[in-house]
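K.L.:
Just so it is clear, I am handing over target_15.cif, which has mmCIF, C-alpha atoms.
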```
data_query
#
loop_
_atom_site.group_PDB
_atom_site.id
_atom_site.type_symbol
_atom_site.label_atom_id
_atom_site.label_comp_id
_atom_site.auth_asym_id
_atom_site.auth_seq_id
_atom_site.Cartn_x
_atom_site.Cartn_y
_atom_site.Cartn_z
ATOM 1 C CA MET A 1 31.595 65.459 78.498
ATOM 2 C CA SER A 2 29.169 62.594 77.852
ATOM 3 C CA LYS A 3 30.146 60.067 75.210
ATOM 4 C CA ALA A 4 28.719 60.599 71.704
ATOM 5 C CA TRP A 5 29.484 57.167 70.290
ATOM 6 C CA ASP A 6 27.517 53.970 70.226
ATOM 7 C CA GLY A 7 28.278 50.435 69.077
ATOM 8 C CA GLN A 8 27.423 49.460 65.529
ATOM 9 C CA HIS A 9 25.084 46.809 66.903
ATOM 10 C CA THR A 10 22.559 49.601 67.515
ATOM 11 C CA ALA A 11 22.472 50.496 63.822
ATOM 12 C CA PHE A 12 22.044 46.858 62.809
ATOM 13 C CA GLN A 13 19.243 46.362 65.326
ATOM 14 C CA GLU A 14 17.439 49.451 64.067
ATOM 15 C CA ALA A 15 17.914 48.358 60.440
ATOM 16 C CA LEU A 16 16.537 44.881 61.060
ATOM 17 C CA ARG A 17 13.592 46.251 63.029
ATOM 18 C CA TYR A 18 12.828 48.712 60.222
ATOM 19 C CA MET A 19 13.019 45.948 57.594
ATOM 20 C CA LEU A 20 10.582 43.804 59.570
ATOM 21 C CA ASP A 21 8.220 46.745 60.052
ATOM 22 C CA ARG A 22 8.324 47.432 56.296
ATOM 23 C CA GLN A 23 7.711 43.746 55.580
ATOM 24 C CA SER A 24 4.671 43.614 57.872
ATOM 25 C CA GLY A 25 3.275 46.957 56.676
ATOM 26 C CA LYS A 26 3.677 48.580 60.077
ATOM 27 C CA GLU A 27 6.065 51.084 58.526
ATOM 28 C CA LYS A 28 5.215 52.563 55.122
ATOM 29 C CA SER A 29 6.293 55.319 52.812
ATOM 30 C CA ILE A 30 3.872 58.066 51.845
ATOM 31 C CA TYR A 31 2.543 57.373 48.359
ATOM 32 C CA THR A 32 2.648 60.260 45.913
ATOM 33 C CA PRO A 33 0.090 60.520 43.064
ATOM 34 C CA TRP A 34 2.556 59.124 40.507
ATOM 35 C CA HIS A 35 3.854 55.574 40.114
ATOM 36 C CA LYS A 36 7.004 56.844 38.390
ATOM 37 C CA PHE A 37 7.810 59.083 41.340
ATOM 38 C CA ASN A 38 7.104 56.357 43.903
ATOM 39 C CA ASP A 39 9.229 53.871 41.963
ATOM 40 C CA ALA A 40 12.191 56.237 41.763
ATOM 41 C CA VAL A 41 12.326 56.501 45.553
ATOM 42 C CA THR A 42 11.284 53.872 48.127
ATOM 43 C CA ASP A 43 7.721 53.082 47.090
ATOM 44 C CA GLY A 44 6.901 56.676 47.975
ATOM 45 C CA LEU A 45 8.498 59.212 50.314
ATOM 46 C CA GLU A 46 10.091 57.713 53.416
ATOM 47 C CA TRP A 47 9.789 59.271 56.848
ATOM 48 C CA ASN A 48 12.934 60.955 58.214
ATOM 49 C CA THR A 49 14.018 62.113 54.760
ATOM 50 C CA LEU A 50 14.480 65.368 52.861
ATOM 51 C CA THR A 51 13.248 65.747 49.270
ATOM 52 C CA VAL A 52 14.462 68.846 47.402
ATOM 53 C CA ILE A 53 12.659 69.804 44.181
ATOM 54 C CA GLY A 54 14.335 72.441 42.034
ATOM 55 C CA GLY A 55 13.118 74.159 38.889
ATOM 56 C CA ARG A 56 12.724 77.410 36.998
ATOM 57 C CA PRO A 57 9.703 79.630 37.728
ATOM 58 C CA GLY A 58 6.669 78.110 36.012
ATOM 59 C CA SER A 59 8.190 74.636 35.792
ATOM 60 C CA GLY A 60 5.540 73.054 37.998
ATOM 61 C CA LYS A 61 7.471 72.445 41.223
ATOM 62 C CA THR A 62 4.815 74.090 43.411
ATOM 63 C CA LEU A 63 2.126 72.089 41.607
ATOM 64 C CA ILE A 64 4.002 68.884 42.422
ATOM 65 C CA LYS A 65 4.332 69.804 46.095
ATOM 66 C CA ASP A 66 0.691 70.882 46.332
ATOM 67 C CA GLN A 67 -0.561 67.734 44.613
ATOM 68 C CA ILE A 68 1.469 65.489 46.908
ATOM 69 C CA ILE A 69 -0.068 67.192 49.944
ATOM 70 C CA ARG A 70 -3.570 67.402 48.478
ATOM 71 C CA GLU A 71 -3.749 63.718 47.643
ATOM 72 C CA SER A 72 -1.650 62.358 50.496
ATOM 73 C CA PHE A 73 -4.599 61.804 52.827
ATOM 74 C CA VAL A 74 -6.579 59.938 50.159
ATOM 75 C CA LEU A 75 -3.653 57.816 48.969
ATOM 76 C CA ASN A 76 -2.484 56.938 52.490
ATOM 77 C CA PRO A 77 -5.700 56.347 54.468
ATOM 78 C CA GLN A 78 -4.045 54.022 57.009
ATOM 79 C CA GLU A 79 -1.377 56.548 57.940
ATOM 80 C CA ASP A 80 -1.988 58.967 60.819
ATOM 81 C CA PHE A 81 -0.072 62.149 60.046
ATOM 82 C CA ARG A 82 -0.265 65.929 59.870
ATOM 83 C CA VAL A 83 1.095 68.540 57.450
ATOM 84 C CA LEU A 84 2.935 71.746 58.364
ATOM 85 C CA GLU A 85 3.627 74.087 55.450
ATOM 86 C CA PHE A 86 6.113 76.953 55.507
ATOM 87 C CA GLN A 87 4.448 78.816 52.655
ATOM 88 C CA PHE A 88 6.503 81.935 52.064
ATOM 89 C CA GLU A 89 5.838 82.426 48.342
ATOM 90 C CA MET A 90 2.067 82.809 47.959
ATOM 91 C CA VAL A 91 -0.770 83.682 50.280
ATOM 92 C CA GLY A 92 -3.020 80.869 51.477
ATOM 93 C CA ARG A 93 -5.953 82.201 49.462
ATOM 94 C CA THR A 94 -4.061 81.807 46.198
ATOM 95 C CA SER A 95 -3.044 78.264 47.052
ATOM 96 C CA ALA A 96 -6.645 77.366 47.909
ATOM 97 C CA ILE A 97 -8.011 78.798 44.639
ATOM 98 C CA ARG A 98 -5.404 76.782 42.716
ATOM 99 C CA GLU A 99 -6.755 73.721 44.482
ATOM 100 C CA PHE A 100 -10.306 74.642 43.458
ATOM 101 C CA SER A 101 -8.987 74.902 39.901
ATOM 102 C CA SER A 102 -7.842 71.286 40.090
ATOM 103 C CA LEU A 103 -11.267 70.308 41.415
ATOM 104 C CA THR A 104 -13.404 72.138 38.860
ATOM 105 C CA GLY A 105 -11.197 72.168 35.763
ATOM 106 C CA GLN A 106 -11.606 75.948 35.603
ATOM 107 C CA THR A 107 -8.682 78.335 35.490
ATOM 108 C CA TYR A 108 -7.672 80.638 38.314
ATOM 109 C CA LYS A 109 -8.982 83.585 36.279
ATOM 110 C CA GLN A 110 -12.362 81.931 35.738
ATOM 111 C CA LEU A 111 -12.712 81.193 39.439
ATOM 112 C CA CYS A 112 -11.968 84.855 40.135
ATOM 113 C CA SER A 113 -14.674 85.971 37.634
ATOM 114 C CA ALA A 114 -12.071 87.488 35.317
ATOM 115 C CA GLY A 115 -13.769 87.569 31.914
ATOM 116 C CA THR A 116 -16.639 85.263 32.837
ATOM 117 C CA GLN A 117 -18.649 85.353 36.029
ATOM 118 C CA LEU A 118 -18.318 82.487 38.480
ATOM 119 C CA THR A 119 -21.498 80.394 38.555
ATOM 120 C CA GLN A 120 -23.279 79.537 41.764
ATOM 121 C CA GLU A 121 -22.951 75.852 40.905
ATOM 122 C CA THR A 122 -19.172 76.090 40.699
ATOM 123 C CA PHE A 123 -18.978 78.122 43.902
ATOM 124 C CA ASP A 124 -21.130 75.598 45.751
ATOM 125 C CA LYS A 125 -18.888 72.782 44.509
ATOM 126 C CA CYS A 126 -15.819 74.596 45.829
ATOM 127 C CA HIS A 127 -17.553 75.330 49.127
ATOM 128 C CA ALA A 128 -18.533 71.688 49.631
ATOM 129 C CA TYR A 129 -14.978 70.591 48.787
ATOM 130 C CA ALA A 130 -13.474 73.080 51.251
ATOM 131 C CA LYS A 131 -15.718 71.788 54.051
ATOM 132 C CA GLN A 132 -14.304 68.311 53.505
ATOM 133 C CA ARG A 133 -10.694 69.403 52.932
ATOM 134 C CA ILE A 134 -10.398 71.368 56.162
ATOM 135 C CA LYS A 135 -10.962 68.130 58.067
ATOM 136 C CA ASN A 136 -7.429 67.152 57.045
ATOM 137 C CA PRO A 137 -4.865 68.347 59.620
ATOM 138 C CA VAL A 138 -2.915 70.868 57.539
ATOM 139 C CA ASP A 139 -1.386 73.972 59.134
ATOM 140 C CA ILE A 140 0.292 76.868 57.338
ATOM 141 C CA ILE A 141 2.977 79.324 58.411
ATOM 142 C CA SER A 142 3.091 82.248 55.990
ATOM 143 C CA THR A 143 5.295 84.725 57.899
ATOM 144 C CA PRO A 144 8.880 84.593 56.534
ATOM 145 C CA MET A 145 11.320 83.391 59.190
ATOM 146 C CA THR A 146 14.967 82.724 59.827
ATOM 147 C CA VAL A 147 16.187 79.151 60.209
ATOM 148 C CA ASN A 148 16.272 79.482 64.009
ATOM 149 C CA GLN A 149 12.701 80.788 64.044
ATOM 150 C CA MET A 150 11.600 77.861 61.868
ATOM 151 C CA ARG A 151 13.274 75.484 64.324
ATOM 152 C CA GLU A 152 11.376 77.068 67.223
ATOM 153 C CA GLN A 153 8.095 76.663 65.355
ATOM 154 C CA VAL A 154 8.769 73.005 64.488
ATOM 155 C CA ASP A 155 9.742 72.207 68.098
ATOM 156 C CA ALA A 156 6.563 73.873 69.375
ATOM 157 C CA TYR A 157 4.426 72.134 66.736
ATOM 158 C CA MET A 158 5.788 68.671 67.444
ATOM 159 C CA ASN A 159 5.418 69.242 71.178
ATOM 160 C CA GLU A 160 1.807 70.394 70.798
ATOM 161 C CA HIS A 161 0.915 67.385 68.671
ATOM 162 C CA LYS A 162 2.909 64.950 70.819
ATOM 163 C CA GLY A 163 5.369 63.978 68.122
ATOM 164 C CA LYS A 164 2.827 62.828 65.555
ATOM 165 C CA LYS A 165 4.205 62.038 62.103
ATOM 166 C CA THR A 166 4.332 65.283 60.092
ATOM 167 C CA ILE A 167 5.064 66.195 56.477
ATOM 168 C CA ILE A 168 6.834 69.568 56.544
ATOM 169 C CA THR A 169 7.067 71.603 53.346
ATOM 170 C CA LEU A 170 9.031 74.737 52.463
ATOM 171 C CA ASP A 171 8.159 76.936 49.504
ATOM 172 C CA HIS A 172 10.951 78.175 48.707
ATOM 173 C CA THR A 173 14.422 77.774 50.253
ATOM 174 C CA ILE A 174 15.518 81.151 48.894
ATOM 175 C CA LEU A 175 12.694 82.913 50.785
ATOM 176 C CA VAL A 176 13.960 81.925 54.237
ATOM 177 C CA LYS A 177 15.105 85.117 55.992
ATOM 178 C CA ARG A 178 18.778 85.697 56.596
ATOM 179 C CA ALA A 179 19.807 86.074 60.214
ATOM 180 C CA PRO A 180 21.978 89.101 61.151
ATOM 181 C CA TYR A 181 25.065 86.862 61.555
ATOM 182 C CA GLN A 182 24.706 85.369 58.067
ATOM 183 C CA ASN A 183 26.747 87.191 55.437
ATOM 184 C CA ASN A 184 24.879 85.913 52.382
ATOM 185 C CA ARG A 185 22.237 83.490 51.151
ATOM 186 C CA LEU A 186 24.676 80.602 51.003
ATOM 187 C CA ASP A 187 25.341 80.973 54.731
ATOM 188 C CA MET A 188 21.601 80.739 55.263
ATOM 189 C CA LEU A 189 21.295 77.693 53.007
ATOM 190 C CA PHE A 190 24.064 75.810 54.822
ATOM 191 C CA GLU A 191 22.295 76.446 58.107
ATOM 192 C CA LEU A 192 18.982 75.463 56.536
ATOM 193 C CA GLY A 193 20.476 72.155 55.370
ATOM 194 C CA GLU A 194 21.717 71.429 58.883
ATOM 195 C CA PHE A 195 18.257 72.275 60.225
ATOM 196 C CA PHE A 196 16.654 69.745 57.869
ATOM 197 C CA THR A 197 19.071 66.999 58.921
ATOM 198 C CA GLN A 198 18.763 67.678 62.653
ATOM 199 C CA VAL A 199 14.979 67.795 62.651
ATOM 200 C CA LYS A 200 14.436 64.716 60.463
ATOM 201 C CA ARG A 201 16.669 62.765 62.865
ATOM 202 C CA GLU A 202 14.891 63.988 65.990
ATOM 203 C CA TYR A 203 11.240 63.800 64.939
ATOM 204 C CA PRO A 204 9.010 61.417 62.918
ATOM 205 C CA CYS A 205 8.794 63.788 59.977
ATOM 206 C CA MET A 206 9.789 64.285 56.362
ATOM 207 C CA PHE A 207 10.653 67.465 54.465
ATOM 208 C CA ILE A 208 9.707 68.560 50.963
ATOM 209 C CA ALA A 209 11.614 71.735 50.035
ATOM 210 C CA LEU A 210 11.365 73.700 46.803
ATOM 211 C CA SER A 211 14.356 75.470 45.275
ATOM 212 C CA GLN A 212 15.188 77.674 42.315
ATOM 213 C CA LEU A 213 17.852 76.885 39.703
ATOM 214 C CA ASN A 214 21.043 78.831 39.116
ATOM 215 C CA ARG A 215 21.019 81.289 36.245
ATOM 216 C CA ASN A 216 23.501 79.330 34.144
ATOM 217 C CA ILE A 217 20.664 76.969 33.232
ATOM 218 C CA ASP A 218 19.473 79.778 30.934
ATOM 219 C CA ASN A 219 22.727 80.066 28.972
ATOM 220 C CA PRO A 220 21.838 79.973 25.251
ATOM 221 C CA ASP A 221 24.182 77.043 24.557
ATOM 222 C CA ARG A 222 22.145 74.885 26.937
ATOM 223 C CA ALA A 223 19.040 75.366 24.801
ATOM 224 C CA VAL A 224 20.625 73.883 21.668
ATOM 225 C CA ASP A 225 18.624 70.834 20.571
ATOM 226 C CA GLY A 226 20.057 67.436 21.405
ATOM 227 C CA LYS A 227 22.808 68.564 23.769
ATOM 228 C CA TYR A 228 23.671 67.193 27.208
ATOM 229 C CA GLY A 229 23.367 70.747 28.508
ATOM 230 C CA ASN A 230 19.583 70.496 28.034
ATOM 231 C CA TYR A 231 19.474 68.356 31.174
ATOM 232 C CA VAL A 232 19.160 69.723 34.700
ATOM 233 C CA LEU A 233 22.328 68.866 36.640
ATOM 234 C CA GLU A 234 23.089 68.736 40.359
ATOM 235 C CA SER A 235 25.100 71.940 40.061
ATOM 236 C CA ASP A 236 22.050 73.747 38.639
ATOM 237 C CA ILE A 237 20.194 73.614 41.967
ATOM 238 C CA PHE A 238 20.595 76.944 43.752
ATOM 239 C CA GLY A 239 22.968 76.429 46.673
ATOM 240 C CA SER A 240 23.573 72.859 45.549
ATOM 241 C CA ASP A 241 26.670 72.502 47.753
ATOM 242 C CA ALA A 242 24.500 73.272 50.766
ATOM 243 C CA MET A 243 21.478 71.190 49.766
ATOM 244 C CA LEU A 244 22.984 68.145 48.042
ATOM 245 C CA GLN A 245 24.719 66.661 51.075
ATOM 246 C CA HIS A 246 21.565 66.919 53.194
ATOM 247 C CA ALA A 247 18.993 65.783 50.607
ATOM 248 C CA ASP A 248 17.922 62.155 50.428
ATOM 249 C CA THR A 249 16.160 62.819 47.130
ATOM 250 C CA LEU A 250 17.048 65.645 44.757
ATOM 251 C CA VAL A 251 14.767 66.289 41.781
ATOM 252 C CA GLY A 252 15.399 68.822 39.035
ATOM 253 C CA ILE A 253 12.427 69.795 36.856
ATOM 254 C CA ASN A 254 12.722 71.024 33.288
ATOM 255 C CA ARG A 255 10.101 72.295 30.855
ATOM 256 C CA PRO A 256 12.041 72.024 27.602
ATOM 257 C CA ALA A 257 9.614 73.739 25.209
ATOM 258 C CA LYS A 258 9.729 76.897 27.314
ATOM 259 C CA GLN A 259 13.377 77.182 26.210
ATOM 260 C CA LYS A 260 12.399 76.241 22.616
ATOM 261 C CA ILE A 261 14.025 72.819 22.990
ATOM 262 C CA ARG A 262 12.303 70.299 20.713
ATOM 263 C CA LEU A 263 14.862 67.463 20.803
ATOM 264 C CA TYR A 264 15.753 66.930 24.438
ATOM 265 C CA GLY A 265 19.252 65.883 25.345
ATOM 266 C CA PRO A 266 21.615 63.498 23.522
ATOM 267 C CA ASP A 267 18.831 60.887 23.489
ATOM 268 C CA ARG A 268 16.854 63.435 21.406
ATOM 269 C CA PHE A 269 13.461 62.896 23.011
ATOM 270 C CA ILE A 270 10.821 64.628 20.876
ATOM 271 C CA ILE A 271 9.090 67.369 22.880
ATOM 272 C CA GLU A 272 5.672 68.004 21.361
ATOM 273 C CA ASP A 273 4.382 70.896 23.481
ATOM 274 C CA ASP A 274 5.145 73.176 26.403
ATOM 275 C CA LYS A 275 3.226 70.998 28.847
ATOM 276 C CA THR A 276 5.878 68.276 28.821
ATOM 277 C CA LEU A 277 7.888 68.200 32.044
ATOM 278 C CA VAL A 278 11.062 66.240 32.647
ATOM 279 C CA LEU A 279 11.874 65.181 36.196
ATOM 280 C CA HIS A 280 15.545 64.404 36.695
ATOM 281 C CA PHE A 281 16.003 62.322 39.849
ATOM 282 C CA LEU A 282 19.554 63.542 40.392
ATOM 283 C CA LYS A 283 19.992 61.916 43.770
ATOM 284 C CA ALA A 284 17.951 59.113 45.254
ATOM 285 C CA ARG A 285 19.790 57.927 48.339
ATOM 286 C CA ASN A 286 17.326 55.080 48.875
ATOM 287 C CA GLY A 287 16.126 54.683 45.284
ATOM 288 C CA ASP A 288 17.303 55.006 41.699
ATOM 289 C CA ALA A 289 18.567 58.055 39.813
ATOM 290 C CA ARG A 290 16.641 58.388 36.555
ATOM 291 C CA MET A 291 14.780 60.698 34.189
ATOM 292 C CA SER A 292 10.963 60.546 33.904
ATOM 293 C CA PHE A 293 8.404 62.434 31.835
ATOM 294 C CA PHE A 294 5.234 64.078 33.095
ATOM 295 C CA ARG A 295 2.561 66.385 31.719
ATOM 296 C CA ALA A 296 1.486 69.636 33.334
ATOM 297 C CA ALA A 297 -2.264 70.199 33.131
ATOM 298 C CA PHE A 298 -1.962 73.835 34.154
ATOM 299 C CA GLU A 299 -5.652 74.477 33.522
ATOM 300 C CA ARG A 300 -6.429 71.918 36.244
ATOM 301 C CA MET A 301 -3.438 72.787 38.388
ATOM 302 C CA GLU A 302 -2.146 69.215 38.404
ATOM 303 C CA ILE A 303 0.684 67.047 37.136
ATOM 304 C CA GLN A 304 -0.034 63.827 35.227
ATOM 305 C CA GLU A 305 2.139 60.889 34.245
ATOM 306 C CA MET A 306 2.865 60.364 30.562
ATOM 307 C CA ASP A 307 4.701 57.857 28.394
ATOM 308 C CA THR A 308 8.332 58.484 27.536
ATOM 309 C CA PRO A 309 8.335 60.469 24.252
ATOM 310 C CA PRO A 310 9.715 58.885 21.078
ATOM 311 C CA GLN A 311 13.284 59.674 20.086
ATOM 312 C CA GLN A 312 14.424 61.175 16.809
ATOM 313 C CA GLN A 313 16.303 58.609 14.772
ATOM 314 C CA ARG A 314 19.912 59.576 14.199
ATOM 315 C CA ARG A 315 20.913 59.958 10.583
#
```
Render the structure in this file as structure tokens.

P.N.:
Amino acid sequence: MSKAWDGQHTAFQEALRYMLDRQSGKEKSIYTPWHKFNDAVTDGLEWNTLTVIGGRPGSGKTLIKDQIIRESFVLNPQEDFRVLEFQFEMVGRTSAIREFSSLTGQTYKQLCSAGTQLTQETFDKCHAYAKQRIKNPVDIISTPMTVNQMREQVDAYMNEHKGKKTIITLDHTILVKRAPYQNNRLDMLFELGEFFTQVKREYPCMFIALSQLNRNIDNPDRAVDGKYGNYVLESDIFGSDAMLQHADTLVGINRPAKQKIRLYGPDRFIIEDDKTLVLHFLKARNGDARMSFFRAAFERMEIQEMDTPPQQQRR
């Protein structure tokens, strides 16, 4: 058996080299579209990391992932990278139309001529945008796979592109197929977590994975105004035991008004409408755990930063 250990000097050498490369700008994080998000992590998303984003359906987690990918090439022009998306939830056509919605400010229904007919001007604008967008190296895998099949695809992809830096996304963890030897979804999730860790150590890549929340988040007592239970907790992430130990950044998204919460948490932040999103940075291995507020512009299929809401004065 070959030895598996190495002296600690190797880790120190790698750390010092990485610090110098960061100092000189040779090594950079990938900027996201939001200063608050970048500041919570390491000036953006670091390579060789896993970011897990969990939320209820309709909370905006797919919008966040899509916006990061959509704007990554513009925000990081000096970085040479590709994107590989495991997109198991929606067909590529739907994702593309949502992107056109962000471009034009028209809803998905309007772009599909539901109610009002799509104008030639809007279509031409989308067509011109698509011609430019497809120049970005983004590839999509839409056939649901097991963890082992995903590993085979990543190995083949990295080999074909000679190990180029790659952002790999997964939408959603729960949609990964179970292998015959896995007894339940948790078995699959534990193997998926190990897959993330192995691959991010072997290749110059980063993962962004989307997850659902456990059903206890919908318990009525957690929707009572001004209670700690309003907040998304680590244990609310589906399969949190499997994901938490592997994630470098864990973000839980909440849309309080959808649960009729108007005074959010013990700090009693005033929630004015159902477009207010709260991002709980539950784990930031290389950053700072915190809570930040965003606004969902669903009609434009994008997420925007917003100021922290005022708090209700205690009586």

K.L.:
What would the list of residues within 9 Å of (-7.7, 72.9, 31.8) (file frame) look like as a list in words, if all atoms listed in the file are what count?

P.N.:
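Those residues lying close to the given coordinates are Ser101, Ser102, Gly105, Gln106, Thr107, Ala297, Phe298, Glu299, Arg300 and Met301 of chain A.
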
K.L.:
Quick one: of A:Gly193, A:Ser235, A:Arg70, A:Thr119, who's nearest to A:Arg98, counting only C-alpha atoms?

P.N.:
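So, comparing all the options, the nearest one is A:Arg70.
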
K.L.:
So, with all atoms listed in the file as the atoms that count, which of A:Gly226, A:Thr166, A:Ser211, A:Asp6 lies closest to A:Phe238?

P.N.:
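With all atoms listed in the file as the atom set, the closest residue is A:Ser211.
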
K.L.:
From the set A:Val176, A:Ala11, A:Cys112, A:Ile253, which residue has the shortest atom-to-atom contact distance to A:Leu279, counting all atoms listed in the file?

P.N.:
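Looking only at the distances to A:Leu279, the closest residue turns out to be A:Ile253.
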
K.L.:
At what distance in Å, to one decimal, does atom CA of A:Ile237 lie from atom CA of A:Gln198?

P.N.:
21.6 Å

K.L.:
Between A:Leu282, A:Met90, A:Ile217, A:Ile271, single out the one closest to A:Thr308, counting only C-alpha atoms.

P.N.:
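The answer is A:Ile271, which sits nearest to A:Thr308.
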
K.L.:
Is it possible to dump stretch 95-112 of chain A as a PDB file, in the first residue's frame, including just N, CA, C and O atoms?

P.N.:
```pdb
ATOM      1  N   SER A  95     -35.657  27.550 -19.359  1.00  0.00           N
ATOM      2  CA  SER A  95     -34.590  28.353 -18.769  1.00  0.00           C
ATOM      3  C   SER A  95     -34.199  29.510 -19.680  1.00  0.00           C
ATOM      4  O   SER A  95     -33.976  30.639 -19.228  1.00  0.00           O
ATOM      5  N   ALA A  96     -34.148  29.249 -20.987  1.00  0.00           N
ATOM      6  CA  ALA A  96     -33.771  30.295 -21.943  1.00  0.00           C
ATOM      7  C   ALA A  96     -34.837  31.390 -22.013  1.00  0.00           C
ATOM      8  O   ALA A  96     -34.519  32.581 -22.076  1.00  0.00           O
ATOM      9  N   ILE A  97     -36.115  31.013 -21.989  1.00  0.00           N
ATOM     10  CA  ILE A  97     -37.184  32.014 -22.033  1.00  0.00           C
ATOM     11  C   ILE A  97     -37.158  32.864 -20.767  1.00  0.00           C
ATOM     12  O   ILE A  97     -37.404  34.078 -20.806  1.00  0.00           O
ATOM     13  N   ARG A  98     -36.858  32.258 -19.626  1.00  0.00           N
ATOM     14  CA  ARG A  98     -36.722  33.030 -18.385  1.00  0.00           C
ATOM     15  C   ARG A  98     -35.595  34.052 -18.514  1.00  0.00           C
ATOM     16  O   ARG A  98     -35.679  35.160 -17.996  1.00  0.00           O
ATOM     17  N   GLU A  99     -34.562  33.683 -19.224  1.00  0.00           N
ATOM     18  CA  GLU A  99     -33.457  34.620 -19.446  1.00  0.00           C
ATOM     19  C   GLU A  99     -33.895  35.757 -20.365  1.00  0.00           C
ATOM     20  O   GLU A  99     -33.528  36.910 -20.159  1.00  0.00           O
ATOM     21  N   PHE A 100     -34.686  35.437 -21.376  1.00  0.00           N
ATOM     22  CA  PHE A 100     -35.228  36.493 -22.249  1.00  0.00           C
ATOM     23  C   PHE A 100     -36.119  37.439 -21.451  1.00  0.00           C
ATOM     24  O   PHE A 100     -36.193  38.636 -21.740  1.00  0.00           O
ATOM     25  N   SER A 101     -36.817  36.886 -20.453  1.00  0.00           N
ATOM     26  CA  SER A 101     -37.675  37.710 -19.605  1.00  0.00           C
ATOM     27  C   SER A 101     -36.850  38.746 -18.868  1.00  0.00           C
ATOM     28  O   SER A 101     -37.241  39.919 -18.759  1.00  0.00           O
ATOM     29  N   SER A 102     -35.688  38.321 -18.355  1.00  0.00           N
ATOM     30  CA  SER A 102     -34.788  39.260 -17.686  1.00  0.00           C
ATOM     31  C   SER A 102     -34.308  40.332 -18.651  1.00  0.00           C
ATOM     32  O   SER A 102     -34.171  41.503 -18.287  1.00  0.00           O
ATOM     33  N   LEU A 103     -34.063  39.945 -19.884  1.00  0.00           N
ATOM     34  CA  LEU A 103     -33.574  40.889 -20.898  1.00  0.00           C
ATOM     35  C   LEU A 103     -34.624  41.924 -21.274  1.00  0.00           C
ATOM     36  O   LEU A 103     -34.342  43.128 -21.347  1.00  0.00           O
ATOM     37  N   THR A 104     -35.851  41.482 -21.504  1.00  0.00           N
ATOM     38  CA  THR A 104     -36.880  42.346 -22.077  1.00  0.00           C
ATOM     39  C   THR A 104     -37.793  42.999 -21.043  1.00  0.00           C
ATOM     40  O   THR A 104     -38.481  43.975 -21.361  1.00  0.00           O
ATOM     41  N   GLY A 105     -37.814  42.457 -19.821  1.00  0.00           N
ATOM     42  CA  GLY A 105     -38.746  42.975 -18.823  1.00  0.00           C
ATOM     43  C   GLY A 105     -40.156  42.455 -19.021  1.00  0.00           C
ATOM     44  O   GLY A 105     -41.077  42.881 -18.325  1.00  0.00           O
ATOM     45  N   GLN A 106     -40.333  41.522 -19.954  1.00  0.00           N
ATOM     46  CA  GLN A 106     -41.647  40.921 -20.180  1.00  0.00           C
ATOM     47  C   GLN A 106     -41.729  39.579 -19.465  1.00  0.00           C
ATOM     48  O   GLN A 106     -40.719  38.899 -19.269  1.00  0.00           O
ATOM     49  N   THR A 107     -42.942  39.215 -19.075  1.00  0.00           N
ATOM     50  CA  THR A 107     -43.122  37.970 -18.342  1.00  0.00           C
ATOM     51  C   THR A 107     -42.989  36.774 -19.284  1.00  0.00           C
ATOM     52  O   THR A 107     -43.018  36.902 -20.509  1.00  0.00           O
ATOM     53  N   TYR A 108     -42.830  35.616 -18.657  1.00  0.00           N
ATOM     54  CA  TYR A 108     -42.766  34.364 -19.422  1.00  0.00           C
ATOM     55  C   TYR A 108     -44.014  34.217 -20.290  1.00  0.00           C
ATOM     56  O   TYR A 108     -43.925  33.849 -21.460  1.00  0.00           O
ATOM     57  N   LYS A 109     -45.182  34.516 -19.697  1.00  0.00           N
ATOM     58  CA  LYS A 109     -46.436  34.390 -20.456  1.00  0.00           C
ATOM     59  C   LYS A 109     -46.462  35.317 -21.661  1.00  0.00           C
ATOM     60  O   LYS A 109     -46.893  34.933 -22.753  1.00  0.00           O
ATOM     61  N   GLN A 110     -46.007  36.554 -21.484  1.00  0.00           N
ATOM     62  CA  GLN A 110     -45.990  37.501 -22.595  1.00  0.00           C
ATOM     63  C   GLN A 110     -45.071  37.031 -23.712  1.00  0.00           C
ATOM     64  O   GLN A 110     -45.398  37.166 -24.898  1.00  0.00           O
ATOM     65  N   LEU A 111     -43.929  36.476 -23.338  1.00  0.00           N
ATOM     66  CA  LEU A 111     -42.987  35.994 -24.349  1.00  0.00           C
ATOM     67  C   LEU A 111     -43.526  34.774 -25.076  1.00  0.00           C
ATOM     68  O   LEU A 111     -43.086  34.470 -26.199  1.00  0.00           O
ATOM     69  N   CYS A 112     -44.468  34.080 -24.439  1.00  0.00           N
ATOM     70  CA  CYS A 112     -45.091  32.914 -25.082  1.00  0.00           C
ATOM     71  C   CYS A 112     -46.433  33.275 -25.721  1.00  0.00           C
ATOM     72  O   CYS A 112     -47.242  32.392 -26.038  1.00  0.00           O
TER      73      CYS A 112
END
```
